[in-house]
Amino acid sequence: MALAIQKITLSTARDIPFNKLTLSQENVRKIKAGVSIEDLAEDIAHRGLLTSLNVRPELDGDGNETGIYRIPAGGRRYRALERLVAQKRLAKTAGVPCTVSKGETLEVEDSLAENVQRVSLHPLDQFRAFQTLREQGLGEEEIAARFFVSVATVRQRLRLASVSPRLLDFYAEDEMTLEQIIAFSITNDHVRQEQVWDTISRSHSREPYYIRRLLTETAIRASDRRAVYVGIEAYEAAGGVTMRDLFEQDQGGWLQDPALLEQLVMEKLKTDAEAIQVSEGWKWVEAAFDFPYGHTSGLRRFYGEQAEMTEDGLARYDATRAEYDKLDAGYAEASEYSEATEQKLEELGAELDRLNDRPYVFDPQKVARGGVFVSLGASGDLKIERGFVRPEDEPKDKTGTSADVSDGRADHGGDLRVSGDAGGEGTEPDDEDETIKPLPDRLVLDLTAARTIALRNALANNPVIAFVAVLHAFVLKTFYVYGSDSCLEVTLQSARFSQTAGLGDTVWAKEIDQRQEGWGQDLPKDPNDLWDFLIKLDEVSRQALFAHCASLSVNAVIEPWNKRTRAIAHADQLASSIGFDMVEAGWTTTADNYLGRVTKAHILQAVREAKGDQAAELIGHLKKADMAREAERLMTGCGWLPEPLRMMVEEGTIEHNAVGDTIGSDEGETIFEAQDLPAFLVEDPETSSDDTGDTESAIDGEHLAAAE
């Protein structure tokens, strides 16, 4: 005989006056979590009580109901109602929907069950719910106000809901993580989102950062100098689209139309260059994103004079200087730090800099035959290089320097001739002729030859003036180019490296340009005044100027057609003597300057030398472009150098280090000082606490996120 199924009887529900309710001491929720009582009270005031309270009648000693009801489940809702009553927004006797328990289970059990059995809303349901509210007419601010979240949070949820429905379905089925969905939300292009998902589904790397990289690989950051120069507003006004990441600092987003951006840059550059030419009167102006390094070689440079201070400006400067000096002197004697004084000193210093930063005024006659190079600076502002004269624009009336103008340096002859015919051998002056005639050419040659030898000897005995004489020749060649006359037959050549992109943006090139600009402003405008200037210059400044000129002649380039073995060896001797090292100078191996320009085998070799075999194995499966980027990240700060940048020394002079490594080369050996490897790279998997031996368990995810 079949057993009858016992029917379930649900507890009854009814309204109970608020003043007849009290909290049960058996409520398990003791710690505040989730929505605050204040926000919950406002929500109840807006839409009413959505969930009734679970209550039990209170009994007296005889088991009779007292009319009071305890609340084992619903304590936060009761506190919110209590707040509304205290604000007189709800009557004390207002009926509260309650479910009256029959008391067949423990109160603490009811309280625990209500919280444990509750299932939190899936994030995707929340995203879509916000999207539905907006579609039904609610604005982002109103949604934020009704659900007590920030407007930014609402925008983030709406952005996530706008991801490709196909990817959201994968997320709903737990085939994707929330972090991956967040990464995909950077763009609204569903087709591109799905393309990237299909790509990473076949690879080992599905990290969010990798998804963002693929989605933005053809875009340009808003912090790029081209975007800063044009402006995001102008780009978007022209129809450009900008991707933005609402979940991370994206520095303004990514511009998705590089071709449009470059068109806008060129148009604005051309307009700005024409404005400079018209307003300042230059003969020519050249504009480009960048000019190759050494683009001013062969052009004479002239400089303007800084405008004089006006009387008001001079008075302002003197007053500011006096105030700064007085405050600085007093602060130097103070025993305590003063933020206000520091700020005041900074303000006064900035004002002094502003007064000193006066424009340079150029000679209108020189401007009429000179030109300007206009390009983009690293920060997105205009880089304006003024005052260059082409050879064909040089004044034609300088007949005495025609040879210099043609080749850019003084007219240096070959060996001095001291024998043979010159002006007619044996031609003697007629003693009977009383007319004073010019000396014979041969005699002049012989006399000046003797003077030259004597002058050489005298100069050799005066090292100070010899230094000045060589410096004079160097400065003429470096700064004046045309009309450069010196009796010293020394030459100074400066190789151009226009074939190497990006040299002008390096910190080294910028420092050289700053020195060149500084000396160019200080040196006399007329080369005939240079000698006296150098004689009067102090010794330290003379040495600094000499070092600058000499440095421009350094050429340690290995050309495909000319290995220059001895010159490169001398460059290493020079570097060693001044303690030069490319790592200390600021070189960092990147995908742009090395890793992306060599084969995969070279990339793996570099990682292996810098970080060990384990690190190399982790990226061995990647495509070349991804491998180069991952290698750059892995090698950051390790101090590894490509072989051409390492110091070359003669064979047999290498002292092996305990952690060093030596790599052979054609000319000798290369010293490679390996860094001590971090523990996560040298840990023996067999001794690891993880018995699985999985490579990932031994690698810090922050450093080696290249592999799953």
# chains A, B, ... in the order shown; residues from 1 in each chain; ligands from 1
$ residues_around --residues "A:Thr506" --least-positions-apart "4" --cutoff "10 Å" --atoms "only C-alpha atoms" --output "VMD selection string"
chain A and resid 502 510 to 511 586 to 587
$ write_last_selection --atoms "C-alpha atoms" --output "PDB file, in the first residue's frame"
ATOM      1  CA  GLY A 502      64.069  57.933 -33.204  1.00  0.00           C
ATOM      2  CA  LYS A 510      68.323  66.115 -26.441  1.00  0.00           C
ATOM      3  CA  GLU A 511      71.218  66.871 -24.090  1.00  0.00           C
ATOM      4  CA  GLY A 586      69.688  54.631 -19.865  1.00  0.00           C
ATOM      5  CA  TRP A 587      69.473  51.950 -22.539  1.00  0.00           C
TER       6      TRP A 587
END
$ select_by_dssp --residues "stretch 9-91 of chain A" --states "strand (DSSP E or B)" --output "VMD selection string"
chain A and resid 12 to 17 21 to 23 53 to 59 65 to 73
$ residues_around --residues "stretch 149-164 of chain A" --least-positions-apart "3" --cutoff "6 Å" --atoms "only C-alpha atoms" --output "short mmCIF file (atom, residue, chain, number, x, y, z; two decimals) with all heavy atoms, in the first residue's frame"
data_model
loop_
_atom_site.label_atom_id
_atom_site.label_comp_id
_atom_site.auth_asym_id
_atom_site.auth_seq_id
_atom_site.Cartn_x
_atom_site.Cartn_y
_atom_site.Cartn_z
N PHE A 127 23.77 43.76 -15.02
CA PHE A 127 24.13 44.58 -16.17
C PHE A 127 22.92 44.78 -17.09
O PHE A 127 22.61 45.89 -17.51
CB PHE A 127 25.27 43.94 -16.97
CG PHE A 127 26.48 43.56 -16.17
CD1 PHE A 127 27.36 42.59 -16.63
CD2 PHE A 127 26.73 44.16 -14.95
CE1 PHE A 127 28.47 42.24 -15.90
CE2 PHE A 127 27.84 43.82 -14.21
CZ PHE A 127 28.72 42.84 -14.68
N ARG A 128 22.24 43.65 -17.36
CA ARG A 128 21.12 43.71 -18.29
C ARG A 128 19.93 44.44 -17.68
O ARG A 128 19.16 45.11 -18.39
CB ARG A 128 20.72 42.29 -18.70
CG ARG A 128 21.74 41.65 -19.65
CD ARG A 128 21.47 40.20 -19.90
NE ARG A 128 22.29 39.68 -21.00
CZ ARG A 128 22.46 38.38 -21.26
NH1 ARG A 128 21.87 37.46 -20.49
NH2 ARG A 128 23.21 38.00 -22.27
N GLN A 131 20.54 48.01 -18.14
CA GLN A 131 20.32 48.33 -19.55
C GLN A 131 18.82 48.46 -19.85
O GLN A 131 18.39 49.37 -20.57
CB GLN A 131 20.96 47.25 -20.43
CG GLN A 131 20.96 47.57 -21.92
CD GLN A 131 21.64 46.48 -22.71
OE1 GLN A 131 21.35 45.30 -22.53
NE2 GLN A 131 22.56 46.86 -23.59
N GLU A 141 22.04 59.05 -14.23
CA GLU A 141 22.04 59.67 -12.91
C GLU A 141 20.86 59.17 -12.07
O GLU A 141 21.00 58.93 -10.86
CB GLU A 141 21.98 61.19 -13.04
CG GLU A 141 23.23 61.84 -13.62
CD GLU A 141 23.31 61.69 -15.12
OE1 GLU A 141 22.33 61.20 -15.73
OE2 GLU A 141 24.36 62.05 -15.70
N ALA A 144 21.50 55.65 -10.89
CA ALA A 144 22.49 55.68 -9.80
C ALA A 144 21.84 56.11 -8.49
O ALA A 144 22.11 55.54 -7.42
CB ALA A 144 23.63 56.63 -10.17
N LEU A 167 29.57 36.79 -26.59
CA LEU A 167 30.53 36.71 -25.49
C LEU A 167 29.83 36.72 -24.15
O LEU A 167 30.27 36.05 -23.20
CB LEU A 167 31.53 37.87 -25.59
CG LEU A 167 32.36 37.95 -26.88
CD1 LEU A 167 33.44 39.02 -26.74
CD2 LEU A 167 32.99 36.61 -27.22
N SER A 185 35.17 45.10 -23.03
CA SER A 185 34.28 46.26 -23.06
C SER A 185 34.98 47.53 -23.49
O SER A 185 34.36 48.58 -23.63
CB SER A 185 33.67 46.47 -21.66
OG SER A 185 34.65 46.94 -20.74
N HIS A 190 31.50 44.78 -31.96
CA HIS A 190 31.22 43.38 -31.65
C HIS A 190 32.00 42.43 -32.56
O HIS A 190 32.46 41.37 -32.11
CB HIS A 190 29.72 43.10 -31.78
CG HIS A 190 28.91 43.74 -30.70
ND1 HIS A 190 27.53 43.62 -30.62
CD2 HIS A 190 29.27 44.50 -29.63
CE1 HIS A 190 27.09 44.28 -29.56
NE2 HIS A 190 28.13 44.84 -28.96
#
$ closest_residue --among "A:Trp254, A:Trp284, A:Phe546, A:Phe497" --to "A:Gly370" --atoms "only C-alpha atoms"
A:Trp284
$ residues_around --residues "stretch 223-227 of chain A" --least-positions-apart "3" --cutoff "10 Å" --atoms "only C-alpha atoms" --output "mmCIF file with N, CA and C atoms, in the first residue's frame"
data_model
loop_
_atom_site.group_PDB
_atom_site.id
_atom_site.type_symbol
_atom_site.label_atom_id
_atom_site.label_comp_id
_atom_site.auth_asym_id
_atom_site.auth_seq_id
_atom_site.Cartn_x
_atom_site.Cartn_y
_atom_site.Cartn_z
ATOM 1 N N ILE A 220 45.791 54.327 -31.514
ATOM 2 C CA ILE A 220 46.814 55.235 -31.012
ATOM 3 C C ILE A 220 46.346 55.797 -29.680
ATOM 4 N N VAL A 230 46.776 67.589 -31.907
ATOM 5 C CA VAL A 230 45.509 67.857 -32.595
ATOM 6 C C VAL A 230 44.387 68.110 -31.599
ATOM 7 N N GLY A 231 44.345 67.309 -30.535
ATOM 8 C CA GLY A 231 43.267 67.413 -29.559
ATOM 9 C C GLY A 231 42.169 66.401 -29.833
ATOM 10 N N ILE A 232 41.707 65.725 -28.787
ATOM 11 C CA ILE A 232 40.668 64.707 -28.945
ATOM 12 C C ILE A 232 39.381 65.320 -29.503
ATOM 13 N N GLU A 233 39.064 66.543 -29.075
ATOM 14 C CA GLU A 233 37.829 67.168 -29.530
ATOM 15 C C GLU A 233 37.855 67.368 -31.043
ATOM 16 N N ALA A 234 38.991 67.857 -31.567
ATOM 17 C CA ALA A 234 39.091 68.084 -33.013
ATOM 18 C C ALA A 234 39.040 66.767 -33.775
ATOM 19 N N TYR A 235 39.677 65.748 -33.218
ATOM 20 C CA TYR A 235 39.675 64.426 -33.862
ATOM 21 C C TYR A 235 38.255 63.859 -33.923
ATOM 22 N N ASP A 250 43.118 54.959 -18.487
ATOM 23 C CA ASP A 250 43.505 54.710 -19.884
ATOM 24 C C ASP A 250 44.143 55.927 -20.542
ATOM 25 N N GLN A 251 44.473 56.981 -19.726
ATOM 26 C CA GLN A 251 45.127 58.182 -20.242
ATOM 27 C C GLN A 251 44.335 58.806 -21.395
ATOM 28 N N GLY A 252 43.030 58.745 -21.318
ATOM 29 C CA GLY A 252 42.202 59.381 -22.324
ATOM 30 C C GLY A 252 41.693 58.471 -23.405
ATOM 31 N N GLY A 253 42.106 57.209 -23.404
ATOM 32 C CA GLY A 253 41.596 56.252 -24.371
ATOM 33 C C GLY A 253 42.520 56.019 -25.544
ATOM 34 N N TRP A 254 41.961 55.409 -26.591
ATOM 35 C CA TRP A 254 42.706 55.064 -27.810
ATOM 36 C C TRP A 254 41.940 55.589 -29.020
ATOM 37 N N LEU A 255 42.666 56.197 -29.932
ATOM 38 C CA LEU A 255 42.072 56.718 -31.152
ATOM 39 C C LEU A 255 42.109 55.628 -32.219
ATOM 40 N N PRO A 258 43.953 55.942 -37.107
ATOM 41 C CA PRO A 258 45.283 56.564 -37.236
ATOM 42 C C PRO A 258 45.432 57.404 -38.503
ATOM 43 N N LEU A 261 43.899 60.759 -37.970
ATOM 44 C CA LEU A 261 44.703 61.540 -37.039
ATOM 45 C C LEU A 261 45.927 62.132 -37.742
ATOM 46 N N GLU A 262 46.630 61.322 -38.542
ATOM 47 C CA GLU A 262 47.821 61.820 -39.220
ATOM 48 C C GLU A 262 47.459 62.893 -40.238
ATOM 49 N N LEU A 264 44.997 65.019 -39.910
ATOM 50 C CA LEU A 264 44.744 66.220 -39.121
ATOM 51 C C LEU A 264 46.049 66.837 -38.625
ATOM 52 N N VAL A 265 47.008 65.991 -38.250
ATOM 53 C CA VAL A 265 48.300 66.505 -37.777
ATOM 54 C C VAL A 265 49.001 67.270 -38.892
ATOM 55 N N MET A 266 49.057 66.679 -40.085
ATOM 56 C CA MET A 266 49.744 67.330 -41.199
ATOM 57 C C MET A 266 49.062 68.640 -41.580
ATOM 58 N N PHE A 289 56.446 65.561 -39.111
ATOM 59 C CA PHE A 289 56.325 64.935 -37.788
ATOM 60 C C PHE A 289 57.677 64.943 -37.098
ATOM 61 N N LEU A 376 57.046 68.052 -34.323
ATOM 62 C CA LEU A 376 56.317 67.792 -33.080
ATOM 63 C C LEU A 376 57.278 67.399 -31.975
ATOM 64 N N GLY A 377 57.144 68.045 -30.841
ATOM 65 C CA GLY A 377 57.937 67.667 -29.683
ATOM 66 C C GLY A 377 57.370 66.434 -29.005
ATOM 67 N N ALA A 378 58.125 65.885 -28.067
ATOM 68 C CA ALA A 378 57.718 64.647 -27.409
ATOM 69 C C ALA A 378 56.425 64.800 -26.623
ATOM 70 N N SER A 379 56.137 66.014 -26.143
ATOM 71 C CA SER A 379 54.940 66.225 -25.330
ATOM 72 C C SER A 379 53.747 66.706 -26.149
ATOM 73 N N GLY A 380 53.901 66.773 -27.483
ATOM 74 C CA GLY A 380 52.792 67.158 -28.325
ATOM 75 C C GLY A 380 52.734 68.634 -28.651
ATOM 76 N N ASP A 381 53.740 69.406 -28.226
ATOM 77 C CA ASP A 381 53.791 70.819 -28.592
ATOM 78 C C ASP A 381 54.705 71.000 -29.798
ATOM 79 N N LEU A 382 54.693 72.187 -30.379
ATOM 80 C CA LEU A 382 55.521 72.449 -31.552
ATOM 81 C C LEU A 382 56.981 72.585 -31.159
#
$ residues_around --residues "A:Asp312" --least-positions-apart "6" --cutoff "12 Å" --atoms "only C-alpha atoms" --output "MDAnalysis selection string"
chainID A and resid 318:319 355
$ write_last_selection --atoms "N, CA, C and O atoms" --output "PDB file, in the first residue's frame"
ATOM      1  N   ASP A 318      63.763  92.947 -10.119  1.00  0.00           N
ATOM      2  CA  ASP A 318      64.591  93.307  -8.955  1.00  0.00           C
ATOM      3  C   ASP A 318      63.812  93.103  -7.659  1.00  0.00           C
ATOM      4  O   ASP A 318      64.362  92.594  -6.662  1.00  0.00           O
ATOM      5  N   ALA A 319      62.551  93.491  -7.656  1.00  0.00           N
ATOM      6  CA  ALA A 319      61.747  93.340  -6.441  1.00  0.00           C
ATOM      7  C   ALA A 319      61.531  91.866  -6.108  1.00  0.00           C
ATOM      8  O   ALA A 319      61.634  91.454  -4.939  1.00  0.00           O
ATOM      9  N   LEU A 355      60.063  85.976 -15.991  1.00  0.00           N
ATOM     10  CA  LEU A 355      60.650  87.254 -16.389  1.00  0.00           C
ATOM     11  C   LEU A 355      61.920  87.056 -17.208  1.00  0.00           C
ATOM     12  O   LEU A 355      62.238  87.858 -18.095  1.00  0.00           O
TER      13      LEU A 355
END
$ atom_distance --atom1 "atom CA of A:Phe373" --atom2 "atom CA of A:Asp290"
9.7 Å
$ residues_around --residues "A:Leu21" --least-positions-apart "3" --cutoff "10 Å" --atoms "only C-alpha atoms" --output "number ranges by chain"
A: 16-18, 24, 53, 55-58, 67-71, 78, 96, 98
$ write_last_selection --atoms "N, CA and C atoms" --output "JSON list (two decimals), in the first residue's frame"
[["chain", "number", "residue", "atom", "x", "y", "z"],
["A", 16, "ILE", "N", 1.18, 43.53, 10.72],
["A", 16, "ILE", "CA", 1.31, 43.72, 12.17],
["A", 16, "ILE", "C", 1.80, 45.14, 12.40],
["A", 17, "PRO", "N", 1.17, 45.88, 13.32],
["A", 17, "PRO", "CA", 1.63, 47.25, 13.59],
["A", 17, "PRO", "C", 3.12, 47.28, 13.96],
["A", 18, "PHE", "N", 3.82, 48.31, 13.48],
["A", 18, "PHE", "CA", 5.26, 48.39, 13.70],
["A", 18, "PHE", "C", 5.60, 48.38, 15.18],
["A", 24, "SER", "N", 14.64, 39.82, 17.46],
["A", 24, "SER", "CA", 14.99, 38.61, 18.21],
["A", 24, "SER", "C", 16.49, 38.60, 18.47],
["A", 53, "LEU", "N", 8.67, 40.52, 6.71],
["A", 53, "LEU", "CA", 9.49, 40.08, 7.83],
["A", 53, "LEU", "C", 9.04, 38.70, 8.29],
["A", 55, "VAL", "N", 8.39, 36.56, 11.50],
["A", 55, "VAL", "CA", 8.21, 36.85, 12.92],
["A", 55, "VAL", "C", 7.62, 35.64, 13.65],
["A", 56, "ARG", "N", 7.76, 35.69, 14.98],
["A", 56, "ARG", "CA", 7.16, 34.68, 15.86],
["A", 56, "ARG", "C", 6.48, 35.40, 17.02],
["A", 57, "PRO", "N", 5.29, 34.91, 17.42],
["A", 57, "PRO", "CA", 4.61, 35.56, 18.55],
["A", 57, "PRO", "C", 5.37, 35.31, 19.85],
["A", 58, "GLU", "N", 5.40, 36.31, 20.67],
["A", 58, "GLU", "CA", 6.05, 36.17, 21.97],
["A", 58, "GLU", "C", 5.02, 35.62, 22.97],
["A", 67, "GLY", "N", 1.00, 39.57, 22.31],
["A", 67, "GLY", "CA", 0.71, 40.63, 21.33],
["A", 67, "GLY", "C", 1.96, 41.22, 20.70],
["A", 68, "ILE", "N", 3.15, 40.82, 21.23],
["A", 68, "ILE", "CA", 4.43, 41.29, 20.69],
["A", 68, "ILE", "C", 5.00, 40.16, 19.81],
["A", 69, "TYR", "N", 5.67, 40.57, 18.72],
["A", 69, "TYR", "CA", 6.22, 39.58, 17.79],
["A", 69, "TYR", "C", 7.74, 39.82, 17.62],
["A", 70, "ARG", "N", 8.48, 38.73, 17.81],
["A", 70, "ARG", "CA", 9.95, 38.80, 17.64],
["A", 70, "ARG", "C", 10.30, 38.54, 16.17],
["A", 71, "ILE", "N", 11.41, 39.17, 15.72],
["A", 71, "ILE", "CA", 11.84, 39.07, 14.31],
["A", 71, "ILE", "C", 13.18, 38.32, 14.24],
["A", 78, "TYR", "N", 13.84, 45.74, 9.48],
["A", 78, "TYR", "CA", 13.23, 46.35, 10.67],
["A", 78, "TYR", "C", 13.98, 47.63, 11.04],
["A", 96, "VAL", "N", 2.93, 46.37, 9.04],
["A", 96, "VAL", "CA", 4.13, 45.85, 8.37],
["A", 96, "VAL", "C", 3.84, 44.44, 7.89],
["A", 98, "CYS", "N", 4.12, 40.76, 7.42],
["A", 98, "CYS", "CA", 4.92, 39.78, 8.16],
["A", 98, "CYS", "C", 4.43, 38.37, 7.86]]
$ residues_around --residues "A:Gly596" --least-positions-apart "5" --cutoff "9 Å" --atoms "only C-alpha atoms" --output "ChimeraX atom specification"
/A:590-591,603,624-625,627-629
$ atom_distance --atom1 "atom CA of A:Phe302" --atom2 "atom CA of A:Gly387"
5.1 Å
$ closest_residue --among "A:Ala556, A:Val28, A:Leu314, A:Leu492" --to "A:Pro72" --atoms "only C-alpha atoms"
A:Val28
$ select_by_dssp --residues "stretch 220-255 of chain A" --states "alpha helix (DSSP H)" --output "list of chain:residue names"
A:Arg225, A:Arg226, A:Ala227, A:Val228, A:Tyr229, A:Val230, A:Ile232, A:Glu233, A:Ala234, A:Tyr235, A:Glu236, A:Ala237
